Every structure is written in structure tokens, then in C-alpha cells.
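Here's coords.cif, which has mmCIF, C-alpha atoms and all ligand atoms:
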data_target
loop_
_atom_site.label_atom_id
_atom_site.label_comp_id
_atom_site.auth_asym_id
_atom_site.auth_seq_id
_atom_site.Cartn_x
_atom_site.Cartn_y
_atom_site.Cartn_z
CA MET A 113 -23.14 -12.98 3.90
CA LYS A 114 -20.07 -14.53 2.38
CA ALA A 115 -16.57 -13.49 3.36
CA VAL A 116 -12.96 -14.38 2.67
CA GLN A 117 -11.74 -15.79 5.99
CA PHE A 118 -9.26 -18.01 7.77
CA GLY A 119 -9.65 -19.76 11.11
CA GLU A 120 -5.92 -20.19 11.75
CA HIS A 121 -2.64 -18.82 10.45
CA GLY A 122 -0.80 -20.83 7.85
CA ASP A 123 -0.24 -21.50 4.17
CA ARG A 124 -2.64 -20.43 1.44
CA ASP A 125 -4.88 -23.44 2.05
CA VAL A 126 -6.23 -21.87 5.29
CA ILE A 127 -8.10 -19.29 3.17
CA GLU A 128 -11.80 -19.95 2.58
CA TYR A 129 -14.71 -18.06 1.08
CA GLY A 130 -17.84 -18.94 3.01
CA GLU A 131 -20.69 -17.86 5.24
CA PHE A 132 -20.00 -15.34 7.98
CA PRO A 133 -22.49 -13.58 10.31
CA ASP A 134 -23.80 -10.34 8.77
CA PRO A 135 -22.00 -7.30 10.21
CA ASP A 136 -24.01 -5.12 12.57
CA PRO A 137 -22.80 -1.53 12.17
CA ALA A 138 -22.10 0.47 15.35
CA ALA A 139 -23.41 4.06 15.71
CA ASP A 140 -20.31 5.50 14.00
CA GLU A 141 -20.11 2.83 11.30
CA VAL A 142 -21.32 2.52 7.74
CA LEU A 143 -22.49 -0.73 6.15
CA VAL A 144 -20.83 -1.05 2.74
CA ASP A 145 -21.97 -3.35 -0.07
CA VAL A 146 -18.48 -4.30 -1.29
CA LYS A 147 -17.91 -4.24 -5.07
CA ALA A 148 -14.13 -4.76 -5.32
CA GLY A 149 -11.01 -4.65 -3.17
CA ALA A 150 -7.30 -5.08 -3.80
CA LEU A 151 -4.91 -7.26 -1.87
CA ASN A 152 -1.77 -5.87 -0.33
CA HIS A 153 1.33 -7.65 0.88
CA LEU A 154 0.15 -7.19 4.42
CA ASP A 155 -2.66 -9.64 3.62
CA VAL A 156 0.01 -12.29 3.13
CA TRP A 157 1.76 -11.33 6.39
CA THR A 158 -1.55 -11.33 8.25
CA ARG A 159 -2.44 -14.79 6.94
CA LYS A 160 0.95 -16.16 7.99
CA GLY A 161 0.67 -14.51 11.41
CA LEU A 162 2.55 -11.50 12.73
CA PRO A 163 4.39 -11.49 16.05
CA GLY A 164 2.44 -9.55 18.68
CA VAL A 165 -0.78 -9.49 16.62
CA ASP A 166 -3.39 -11.74 18.23
CA LEU A 167 -6.40 -11.93 15.91
CA GLU A 168 -9.97 -12.86 16.73
CA MET A 169 -10.64 -15.97 14.59
CA PRO A 170 -11.99 -16.49 12.07
CA HIS A 171 -10.34 -13.42 10.60
CA ILE A 172 -11.59 -11.55 7.53
CA PRO A 173 -8.60 -10.08 5.67
CA GLY A 174 -8.55 -7.09 3.31
CA SER A 175 -7.54 -3.45 3.84
CA ASP A 176 -8.73 -2.04 0.53
CA ALA A 177 -12.29 -2.11 -0.81
CA ALA A 178 -14.83 0.09 -2.51
CA GLY A 179 -18.58 -0.18 -2.73
CA VAL A 180 -21.99 1.34 -2.11
CA VAL A 181 -23.33 2.50 1.25
CA GLU A 182 -26.19 0.21 2.30
CA ALA A 183 -27.00 1.64 5.74
CA VAL A 184 -25.49 4.07 8.25
CA GLY A 185 -25.24 4.10 12.06
CA GLU A 186 -27.16 6.82 13.93
CA ASP A 187 -24.08 9.04 14.52
CA VAL A 188 -22.92 8.99 10.88
CA THR A 189 -23.21 12.40 9.21
CA ARG A 190 -21.06 12.29 6.07
CA PHE A 191 -22.70 9.42 4.20
CA GLU A 192 -26.11 8.09 3.27
CA PRO A 193 -27.38 4.94 1.53
CA GLY A 194 -26.43 4.87 -2.15
CA ASP A 195 -23.16 6.82 -1.75
CA ARG A 196 -20.08 5.41 -3.49
CA VAL A 197 -17.17 5.00 -1.06
CA THR A 198 -13.70 3.54 -0.67
CA VAL A 199 -11.95 2.39 2.48
CA THR A 200 -8.86 3.95 4.03
CA ALA A 201 -7.48 1.36 6.41
CA GLY A 202 -5.67 3.27 9.16
CA VAL A 203 -7.53 3.33 12.49
CA SER A 204 -6.54 5.74 15.26
CA CYS A 205 -7.91 6.64 18.69
CA GLY A 206 -8.54 10.35 18.04
CA GLU A 207 -7.58 11.17 21.63
CA CYS A 208 -3.86 10.66 22.19
CA GLU A 209 -1.29 13.48 21.89
CA PHE A 210 -0.39 12.53 18.30
CA CYS A 211 -3.99 12.26 17.11
CA ARG A 212 -4.75 15.61 18.77
CA ASP A 213 -1.67 17.03 17.08
CA GLY A 214 -3.10 16.08 13.67
CA ASP A 215 -1.06 13.00 12.77
CA PRO A 216 -3.14 9.87 13.42
CA THR A 217 -0.51 7.62 11.78
CA LEU A 218 1.58 8.24 14.92
CA CYS A 219 -1.31 7.21 17.22
CA TYR A 220 -0.29 5.00 20.16
CA ARG A 221 -3.20 2.71 19.25
CA PHE A 222 -2.74 2.94 15.46
CA ASN A 223 -3.89 -0.18 13.69
CA ILE A 224 -4.96 -1.30 10.23
CA LEU A 225 -8.31 -2.70 9.08
CA GLY A 226 -7.65 -6.23 7.83
CA GLU A 227 -4.35 -6.55 9.69
CA HIS A 228 -5.13 -5.98 13.36
CA GLN A 229 -8.92 -6.20 13.16
CA ARG A 230 -11.40 -7.72 10.73
CA GLY A 231 -11.07 -6.38 7.21
CA VAL A 232 -13.26 -5.76 4.21
CA HIS A 233 -12.94 -8.65 1.75
CA ALA A 234 -16.53 -9.77 2.15
CA GLU A 235 -19.89 -9.16 0.50
CA THR A 236 -20.60 -6.51 3.15
CA ALA A 237 -18.41 -4.70 5.66
CA ALA A 238 -19.13 -2.41 8.60
CA VAL A 239 -16.55 0.37 8.39
CA PRO A 240 -16.08 3.40 10.69
CA GLU A 241 -17.25 6.61 8.98
CA GLU A 242 -13.75 8.02 9.56
CA ASN A 243 -12.37 5.29 7.30
CA LEU A 244 -14.40 6.09 4.21
CA VAL A 245 -13.71 8.44 1.32
CA PRO A 246 -16.32 9.36 -1.33
CA VAL A 247 -15.76 7.95 -4.83
CA PRO A 248 -17.03 10.02 -7.79
CA GLU A 249 -19.33 8.55 -10.43
CA GLY A 250 -17.45 7.15 -13.38
CA VAL A 251 -14.52 5.66 -11.43
CA ASP A 252 -14.34 1.87 -11.93
CA TRP A 253 -14.81 -0.21 -8.78
CA GLU A 254 -11.51 -2.02 -9.43
CA VAL A 255 -9.69 1.32 -9.47
CA ALA A 256 -11.65 2.73 -6.52
CA GLY A 257 -10.91 -0.37 -4.45
CA SER A 258 -7.20 -0.61 -5.14
CA ALA A 259 -5.74 2.89 -4.79
CA SER A 260 -6.14 3.96 -1.19
CA LEU A 261 -3.49 1.99 0.67
CA VAL A 262 -0.65 2.02 -1.85
CA PHE A 263 -1.12 5.55 -3.19
CA GLY A 264 -1.67 6.92 0.34
CA THR A 265 1.46 5.17 1.59
CA ALA A 266 3.62 6.30 -1.34
CA TRP A 267 2.28 9.88 -1.14
CA ARG A 268 3.17 10.19 2.54
CA MET A 269 6.61 8.64 1.95
CA LEU A 270 7.54 11.03 -0.84
CA HIS A 271 5.74 14.26 0.00
CA THR A 272 5.37 14.32 3.78
CA ARG A 273 8.33 12.28 4.97
CA ALA A 274 11.03 12.62 2.28
CA ASP A 275 9.71 16.06 1.22
CA VAL A 276 10.76 15.61 -2.41
CA GLU A 277 11.31 18.61 -4.64
CA ALA A 278 11.10 18.98 -8.41
CA GLY A 279 14.42 18.16 -10.04
CA GLU A 280 15.56 15.72 -7.38
CA LYS A 281 16.64 12.23 -8.36
CA VAL A 282 14.40 9.55 -6.81
CA LEU A 283 15.09 5.80 -6.95
CA VAL A 284 12.07 3.51 -6.46
CA LEU A 285 12.86 -0.11 -5.65
CA GLY A 286 10.47 -2.84 -6.72
CA ALA A 287 8.60 -0.60 -9.12
CA SER A 288 6.28 -3.44 -10.17
CA GLY A 289 4.71 -3.76 -6.72
CA GLY A 290 1.74 -1.80 -5.40
CA VAL A 291 3.63 0.86 -3.45
CA GLY A 292 6.42 0.87 -6.06
CA HIS A 293 4.23 1.65 -9.05
CA ALA A 294 2.43 4.36 -7.05
CA ALA A 295 5.75 5.89 -5.95
CA VAL A 296 7.04 6.04 -9.55
CA GLN A 297 3.91 7.93 -10.64
CA ILE A 298 3.95 10.30 -7.65
CA ALA A 299 7.67 11.10 -7.98
CA ALA A 300 7.30 11.74 -11.74
CA HIS A 301 4.28 13.98 -11.10
CA ALA A 302 6.36 15.92 -8.51
CA GLY A 303 8.87 16.72 -11.26
CA CYS A 304 11.57 14.36 -10.03
CA GLU A 305 13.96 12.40 -12.21
CA VAL A 306 12.79 8.86 -11.51
CA PHE A 307 14.95 5.73 -11.39
CA ALA A 308 13.12 2.43 -11.00
CA THR A 309 14.19 -1.16 -10.43
CA ALA A 310 12.30 -4.26 -11.56
CA SER A 311 13.14 -7.82 -12.49
CA SER A 312 12.01 -8.40 -16.07
CA GLU A 313 11.87 -6.64 -19.40
CA GLU A 314 8.07 -6.43 -19.23
CA LYS A 315 8.12 -4.91 -15.73
CA LEU A 316 10.76 -2.40 -16.78
CA ARG A 317 8.57 -1.27 -19.69
CA TYR A 318 5.64 -0.88 -17.27
CA ALA A 319 7.82 1.21 -14.96
CA GLU A 320 8.64 3.47 -17.92
CA ALA A 321 4.95 3.74 -18.74
CA CYS A 322 4.36 4.86 -15.13
CA GLY A 323 6.88 7.67 -15.60
CA ALA A 324 10.33 6.25 -14.82
CA ASP A 325 13.16 8.05 -16.67
CA HIS A 326 15.71 5.28 -16.00
CA VAL A 327 14.96 1.61 -15.44
CA ILE A 328 17.32 -0.92 -13.88
CA ASP A 329 17.01 -4.71 -14.04
CA TYR A 330 18.17 -5.55 -10.50
CA GLU A 331 18.56 -9.23 -11.34
CA ALA A 332 20.94 -8.53 -14.22
CA ASN A 333 22.91 -5.73 -12.55
CA ASP A 334 23.71 -4.42 -9.09
CA PHE A 335 21.35 -1.44 -8.83
CA ALA A 336 23.78 0.70 -6.80
CA ASP A 337 26.40 0.28 -9.57
CA GLU A 338 23.83 1.18 -12.21
CA VAL A 339 22.78 4.30 -10.28
CA ALA A 340 26.44 5.32 -9.93
CA GLU A 341 26.94 4.82 -13.67
CA ILE A 342 23.85 6.77 -14.72
CA THR A 343 24.46 9.66 -12.29
CA GLY A 344 28.20 9.96 -12.92
CA ARG A 345 28.88 8.60 -9.40
CA ARG A 346 26.77 11.29 -7.74
CA GLY A 347 23.88 9.07 -6.59
CA VAL A 348 20.22 9.87 -6.04
CA ASP A 349 18.65 12.22 -3.52
CA VAL A 350 15.94 9.83 -2.32
CA VAL A 351 15.51 6.05 -2.29
CA VAL A 352 12.05 4.55 -1.74
CA ASP A 353 12.75 1.15 -0.14
CA HIS A 354 10.11 -1.29 1.06
CA VAL A 355 12.24 -4.37 0.40
CA GLY A 356 14.38 -4.22 3.55
CA LYS A 357 17.37 -6.36 4.42
CA GLU A 358 18.19 -7.44 0.84
CA THR A 359 18.35 -3.92 -0.56
CA TYR A 360 19.10 -1.54 2.32
CA PRO A 361 22.93 -1.63 2.04
CA ASP A 362 22.69 -0.80 -1.67
CA SER A 363 20.03 1.81 -0.98
CA LEU A 364 22.49 3.68 1.25
CA LYS A 365 25.20 3.16 -1.38
CA SER A 366 22.93 4.67 -4.07
CA LEU A 367 22.43 7.94 -2.19
CA ALA A 368 24.13 11.20 -2.99
CA ARG A 369 25.68 13.21 -0.15
CA GLY A 370 22.89 14.41 2.12
CA GLY A 371 20.46 11.89 0.61
CA ARG A 372 17.61 10.13 2.35
CA VAL A 373 16.16 6.67 2.24
CA VAL A 374 12.51 6.37 3.13
CA THR A 375 11.13 2.98 4.16
CA CYS A 376 7.59 1.71 4.66
CA GLY A 377 8.32 -1.97 5.03
CA ALA A 378 10.89 -4.73 5.16
CA THR A 379 9.59 -7.65 3.12
CA THR A 380 12.97 -9.44 3.09
CA GLY A 381 13.76 -8.83 6.76
CA PRO A 382 13.99 -5.95 9.22
CA ASN A 383 17.61 -6.09 10.37
CA PRO A 384 20.28 -5.24 7.80
CA GLY A 385 23.53 -3.74 9.05
CA ALA A 386 22.93 -0.12 10.07
CA GLY A 387 25.63 1.31 7.81
CA LEU A 388 26.39 4.05 10.32
CA ASP A 389 29.78 4.77 8.71
CA ARG A 390 28.09 5.67 5.44
CA ILE A 391 25.25 7.48 7.24
CA PHE A 392 27.45 9.91 9.19
CA TRP A 393 30.14 10.49 6.58
CA ASN A 394 27.71 11.09 3.72
CA GLN A 395 25.21 12.78 6.06
CA LEU A 396 22.33 10.51 5.10
CA SER A 397 18.88 10.29 6.66
CA VAL A 398 16.90 7.09 7.18
CA ILE A 399 13.21 7.94 7.37
CA GLY A 400 10.34 5.69 8.42
CA SER A 401 6.80 6.04 7.09
CA THR A 402 3.57 4.20 7.83
CA MET A 403 0.28 4.42 5.93
CA ALA A 404 -1.18 7.95 5.53
CA THR A 405 -3.39 10.47 7.29
CA PRO A 406 -6.97 10.99 6.04
CA GLY A 407 -5.84 14.33 4.58
CA GLU A 408 -3.01 12.69 2.65
CA VAL A 409 -5.36 9.99 1.36
CA ASP A 410 -7.82 12.69 0.24
CA ASP A 411 -5.03 14.57 -1.58
CA VAL A 412 -3.72 11.59 -3.49
CA LEU A 413 -7.12 10.04 -4.27
CA GLU A 414 -8.23 13.32 -5.90
CA LEU A 415 -5.41 12.69 -8.37
CA VAL A 416 -6.47 9.08 -8.86
CA TRP A 417 -10.09 10.08 -9.49
CA ASP A 418 -9.08 12.65 -12.12
CA GLY A 419 -6.84 10.09 -13.87
CA THR A 420 -3.48 11.73 -13.05
CA PHE A 421 -2.51 8.55 -11.21
CA GLU A 422 -3.61 5.09 -12.22
CA PRO A 423 -3.50 1.92 -10.15
CA ARG A 424 -2.56 -0.82 -12.57
CA ILE A 425 -4.88 -3.80 -12.25
CA ARG A 426 -2.96 -7.04 -12.73
CA GLU A 427 -5.85 -9.44 -12.28
CA VAL A 428 -9.44 -9.45 -11.02
CA LEU A 429 -10.53 -12.67 -9.30
CA PRO A 430 -13.68 -13.83 -7.52
CA MET A 431 -13.28 -13.89 -3.72
CA SER A 432 -13.60 -17.69 -3.85
CA GLU A 433 -10.17 -17.61 -5.52
CA ALA A 434 -8.53 -15.51 -2.80
CA ALA A 435 -5.87 -18.18 -2.29
CA ARG A 436 -4.88 -17.77 -5.94
CA ALA A 437 -4.68 -14.00 -5.34
CA HIS A 438 -2.22 -14.65 -2.49
CA GLU A 439 -0.20 -16.89 -4.81
CA LEU A 440 0.09 -14.08 -7.38
CA LEU A 441 1.41 -11.74 -4.68
CA GLU A 442 3.82 -14.26 -3.23
CA ASP A 443 5.22 -15.29 -6.61
CA ARG A 444 5.80 -11.64 -7.57
CA GLN A 445 4.60 -12.33 -11.11
CA GLY A 446 3.11 -9.48 -13.08
CA PHE A 447 2.68 -5.83 -12.34
CA GLY A 448 0.28 -3.83 -10.19
CA LYS A 449 -2.70 -4.74 -8.06
CA VAL A 450 -4.52 -8.03 -7.65
CA VAL A 451 -8.23 -7.33 -7.01
CA VAL A 452 -10.95 -9.60 -5.62
CA LYS A 453 -14.72 -9.17 -6.01
CA PRO A 454 -17.56 -11.03 -4.29
CA ASP A 455 -18.50 -14.01 -6.47
CA SER A 456 -22.02 -12.52 -6.67
CA GLU A 457 -20.56 -9.49 -8.52
CA PHE A 458 -19.29 -11.61 -11.43
ZN ZN B 501 -4.35 8.35 18.98
#
Using C-alpha cells, write down the structure that the file contains.
Amino acid sequence: MKAVQFGEHGDRDVIEYGEFPDPDPAADEVLVDVKAGALNHLDVWTRKGLPGVDLEMPHIPGSDAAGVVEAVGEDVTRFEPGDRVTVTAGVSCGECEFCRDGDPTLCYRFNILGEHQRGVHAETAAVPEENLVPVPEGVDWEVAGSASLVFGTAWRMLHTRADVEAGEKVLVLGASGGVGHAAVQIAAHAGCEVFATASSEEKLRYAEACGADHVIDYEANDFADEVAEITGRRGVDVVVDHVGKETYPDSLKSLARGGRVVTCGATTGPNPGAGLDRIFWNQLSVIGSTMATPGEVDDVLELVWDGTFEPRIREVLPMSEAARAHELLEDRQGFGKVVVKPDSEF
């Protein structure tokens, strides 16, 4: 089969699309004929190399993909050949105290398909049964293969971790990114008043189309000042921040008394000042969130399948142009998800 792969970490030129041994599914795995899969920013991090993550090379990237079941291992009970499925990338041990307590995202051995082990951007992928969700007829492969990671992540951030309530003010940073555009839709659906930042007129209009009530051009204006202005100096109840060092001080500044910032990533760096003075005096909470449980993914994907939520597809490229897909992510041009499909599907 053919697979997107790289034999060493580095710039975009390490990415190739070429022959790779056919996967041999284990007893608990399902062989999926991949139709389409989105990239996520972690694909860029994985290609560059992450400290403490030692990959078996060549590595196949990709944490999101959807396709048709080709074959199943002998222990698989939920799927059979011909079923339409999408991947949910979180892998847990099922045995540690956190898994047994029902929250596999806290697993001691938690890891992500495509980041810590071989991923799914290939013509075929062997995926654990636990990591597949059925896809109804009528859902486009591009949509089915691009929703799981970002909508799951944003759902857990807002509903499970920040516990948002209708009427609360929620600020979503980087609303044009994958998690950002999912968070805007989820917060609006929860009945929140949604504030969103983006960097161009076009992206701001997209954020409005996703459900943002107030949009802020963070390149033209300091977003904390804008939030203060719009809210009459009160601030927002929740900030969704995956940007990190560059935005964290202003995220704290944007919060109302008793507010919370929820973070799922730190693209611009992990170590801003802690801001403890603001945290204790204004009684703020800083909340971490990683990926989503299978139950959370099920909940949010139901709302993707019925059209309540919509992953925006920025571009669909053949897998042989995976390097170009990385470029689109790294340049932060455009809005929504970049999807790749096996060249044979074009
Ligand atoms: Zn575990």
C-alpha cells in the first residue's frame, strides 16, 4: 500500500508518499480502507520531533481518518466489512486506575495515534476497534475524517472541563483553527455569548458564520482591551486558549472575576508567566484538557452527523501533496481543516 511517511524528523521535505508494508491487523484491530483524513497541528509537531517521543521510523502520521472496514481481527465484535467508520485517536491501557475510573484521557499510558505510534494517513490502516466510531450513510468522507479530534477536544474543553452554562460569555482564541472553529460552534450551541479572535476580515466573517456574537481582529487590536470594551470592563467567564505563551497573559486579563481559562495546547510556547497575582485576587481557574473520552467523542459526533456542527473544509489534497498540507497549516492561511485523500481516491 501507499502511505504518507517520513524516515527522520525535519522540515517539510522529509515527507514522502510511497510504498509501505501492508498493515496486518491484530485480533482487536480493524483494517480500514481510508477515504479521507484531516491534518492537525500535532502532525506538524510530530514531523518536527517532540521531546521524549521516540518514534519507530519510518513514521506514518495522521490522527484523523474515515473509511470503510475491509477486514476485522478475530476478537472484533462491533464492526464488520463494509461498515463506515471514523478514527478517534486517543489510546489508553484500559487497566490503570484512571481508565478503570472511566476517564481514559487521564491514562498513565495515554497516547495518540499518529503522534506516539503510527497513524492513519495511508491507503489502509489497522486501527484498534476501541478507536473507531460508526459513520452514518450520507456523511461526506471529508467531513467524517476531519471532525473527531478537533470537535472531541473542544467538546471536552467546554463541557467537561470548563463546564460552560447557557448565558456565559466565552472567548475563543484563534477561531480560524481546527479546535477554534469547533469551540465557537459548541459554545454557541450551548447558549453562550461567544467572542472570537482571528487575524483577517475573511476569518472574522467565518467566525461569525460559525456562531460568534463578537469578533476581534487580534492583529489590529489587543484582544483583552477589546473584551474589556465590549463587556463594560467585566470580562468573559471562560477563555479557550490553545495558543499558549503569546496569549496567556491576555487570556487571564480577559477573564471576569471567578473566570476560567481552559487550555489544550501551547503552540507559541509552554511557559508564560504564571500570573498568580491575577489568579488569586480575581479567583481564576486555569484548567488543562487533553483530547476526549470515547463517550465525549460519541456525543459530539452525533451532532456533527446531524449537521448541528460542521467541520469547515479548507482544502482537500492528494496524499502525495502532504507536504503542501503541512505548509497550509504552518502558514495559518485560510480557515478550517486541511484534508488529504489517497491519490487513488481522486
Ligand atoms: Zn490506563
With a cut-off of 9 Å, could you pull out the residues of chain A touching ligand ZN 501 (chain B) and give me the nearest pair of atoms for each, distance in Å to one decimal, using all atoms listed in the file, ordered by chain and ascending number, as a Markdown table?
| residue | atom | partner | partner_atom | distance |
| --- | --- | --- | --- | --- |
| A:Val203 | CA | B:ZN501 | ZN | 8.8 |
| A:Ser204 | CA | B:ZN501 | ZN | 5.0 |
| A:Cys205 | CA | B:ZN501 | ZN | 4.0 |
| A:Gly206 | CA | B:ZN501 | ZN | 4.7 |
| A:Glu207 | CA | B:ZN501 | ZN | 5.0 |
| A:Cys208 | CA | B:ZN501 | ZN | 4.0 |
| A:Glu209 | CA | B:ZN501 | ZN | 6.6 |
| A:Phe210 | CA | B:ZN501 | ZN | 5.8 |
| A:Cys211 | CA | B:ZN501 | ZN | 4.3 |
| A:Arg212 | CA | B:ZN501 | ZN | 7.3 |
| A:Asp215 | CA | B:ZN501 | ZN | 8.4 |
| A:Pro216 | CA | B:ZN501 | ZN | 5.9 |
| A:Thr217 | CA | B:ZN501 | ZN | 8.2 |
| A:Leu218 | CA | B:ZN501 | ZN | 7.2 |
| A:Cys219 | CA | B:ZN501 | ZN | 3.7 |
| A:Tyr220 | CA | B:ZN501 | ZN | 5.4 |
| A:Arg221 | CA | B:ZN501 | ZN | 5.8 |
| A:Phe222 | CA | B:ZN501 | ZN | 6.7 |
Within 12 Å of file point (-24.1, -5.8, 11.2), counting only C-alpha atoms, expressed as JSON, numbers by chain:
{"A": [113, 132, 133, 134, 135, 136, 137, 138, 139, 141, 142, 143, 144, 145, 182, 183, 184, 185, 235, 236, 237, 238, 239]}
For the residues selected in the previous step, produce a file with C-alpha atoms as a PDB file, in the frame of the given file.
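Output file result-v7.pdb follows:
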ATOM      1  CA  MET A 113     -23.140 -12.980   3.900  1.00  0.00           C
ATOM      2  CA  PHE A 132     -20.000 -15.340   7.980  1.00  0.00           C
ATOM      3  CA  PRO A 133     -22.490 -13.580  10.310  1.00  0.00           C
ATOM      4  CA  ASP A 134     -23.800 -10.340   8.770  1.00  0.00           C
ATOM      5  CA  PRO A 135     -22.000  -7.300  10.210  1.00  0.00           C
ATOM      6  CA  ASP A 136     -24.010  -5.120  12.570  1.00  0.00           C
ATOM      7  CA  PRO A 137     -22.800  -1.530  12.170  1.00  0.00           C
ATOM      8  CA  ALA A 138     -22.100   0.470  15.350  1.00  0.00           C
ATOM      9  CA  ALA A 139     -23.410   4.060  15.710  1.00  0.00           C
ATOM     10  CA  GLU A 141     -20.110   2.830  11.300  1.00  0.00           C
ATOM     11  CA  VAL A 142     -21.320   2.520   7.740  1.00  0.00           C
ATOM     12  CA  LEU A 143     -22.490  -0.730   6.150  1.00  0.00           C
ATOM     13  CA  VAL A 144     -20.830  -1.050   2.740  1.00  0.00           C
ATOM     14  CA  ASP A 145     -21.970  -3.350  -0.070  1.00  0.00           C
ATOM     15  CA  GLU A 182     -26.190   0.210   2.300  1.00  0.00           C
ATOM     16  CA  ALA A 183     -27.000   1.640   5.740  1.00  0.00           C
ATOM     17  CA  VAL A 184     -25.490   4.070   8.250  1.00  0.00           C
ATOM     18  CA  GLY A 185     -25.240   4.100  12.060  1.00  0.00           C
ATOM     19  CA  GLU A 235     -19.890  -9.160   0.500  1.00  0.00           C
ATOM     20  CA  THR A 236     -20.600  -6.510   3.150  1.00  0.00           C
ATOM     21  CA  ALA A 237     -18.410  -4.700   5.660  1.00  0.00           C
ATOM     22  CA  ALA A 238     -19.130  -2.410   8.600  1.00  0.00           C
ATOM     23  CA  VAL A 239     -16.550   0.370   8.390  1.00  0.00           C
TER      24      VAL A 239
END
Put a box with edges along x, y and z around all the listed atoms of region 198-216 of chain A, pad it by 4 Å on each side, then give me its centre and sizes in Å, one decimal, as lines of an AutoDock Vina configuration file.
center_x = -7.0
center_y = 9.2
center_z = 10.8
size_x = 21.3
size_y = 23.7
size_z = 30.9
Counting only C-alpha atoms, give me one row per residue of region 363-457 of chain A with an atom at most 12 Å from an atom of region 152-166 of chain A, showing the shortest contact pair and its distance in Å to one decimal, sorted by chain then residue number, as a tab-separated table.
residue	atom	partner	partner_atom	distance
A:Cys376	CA	A:Leu154	CA	11.6
A:Gly377	CA	A:Leu154	CA	9.7
A:Ala378	CA	A:His153	CA	10.9
A:Thr379	CA	A:His153	CA	8.6
A:Thr380	CA	A:Trp157	CA	11.8
A:Met403	CA	A:Leu154	CA	11.7
A:Ala434	CA	A:Asp155	CA	10.5
A:Ala435	CA	A:Val156	CA	9.9
A:Arg436	CA	A:Val156	CA	11.7
A:Ala437	CA	A:Val156	CA	9.8
A:His438	CA	A:Val156	CA	6.5
A:Glu439	CA	A:Val156	CA	9.2
A:Leu440	CA	A:His153	CA	10.5
A:Leu441	CA	A:His153	CA	6.9
A:Glu442	CA	A:Val156	CA	7.7
A:Asp443	CA	A:His153	CA	11.4
A:Arg444	CA	A:His153	CA	10.4
A:Gly448	CA	A:Asn152	CA	10.3
A:Lys449	CA	A:Asn152	CA	7.9
A:Val450	CA	A:Asn152	CA	8.1
A:Val451	CA	A:Asn152	CA	9.4
A:Val452	CA	A:Asn152	CA	11.2
When you look at Gly381 (chain A) with a cut-off of 8 Å (counting only C-alpha atoms), what residues show up, excluding the ones that are within fewer than 2 positions of it in the same chain? I need them as a PyMOL selection string.
chain A and resi 355-358+378-379+383-384
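CA of Val296 (chain A) sits 6.2 Å away from CA of Ala324 (chain A).
One finds CA of Ser397 (chain A) at 8.3 Å from CA of Val374 (chain A).
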Please identify all polymer residues within 8 Å of Asn243 (chain A), counting only C-alpha atoms, omitting same-chain residues fewer than 5 positions from it, and present them as a PyMOL selection string.
chain A and resi 199-203+406
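CA of Gly226 (chain A) lies 8.2 Å from CA of His171 (chain A).
In this comparison, which uses all atoms listed in the file, the residue of A:Arg196, A:His121, A:His271, A:Lys281 approaching Val247 (chain A) most closely is A:Arg196.
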List the spatial neighbours of Ala234 (chain A) as number ranges by chain - criterion: any atom at most 7 Å away, all atoms listed in the file, same-chain residues fewer than 3 positions off excluded.
A: 114-116, 146, 237, 454
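Considering the residues A:Gly194, A:Gly231, A:Gly286, A:Pro240 and counting all atoms listed in the file, Leu167 (chain A) has its shortest atom-to-atom contact with A:Gly231.
If all atoms listed in the file are the atoms counted, then among A:Ile391, A:Gly347, A:Val373, A:Lys147 the closest residue to Ala256 (chain A) is A:Lys147.
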Point (20.9, -4.1, -11.7) neighbourhood (12 Å, only C-alpha atoms) written as a list in words:
Leu285, Gly286, Phe307, Ala308, Thr309, Ala310, Ser311, Ser312, Leu316, His326, Val327, Ile328, Asp329, Tyr330, Glu331, Ala332, Asn333, Asp334, Phe335, Ala336, Asp337, Glu338, Val339, Ala340, Glu341, Ile342, Thr359, Asp362 and Ser366 of chain A
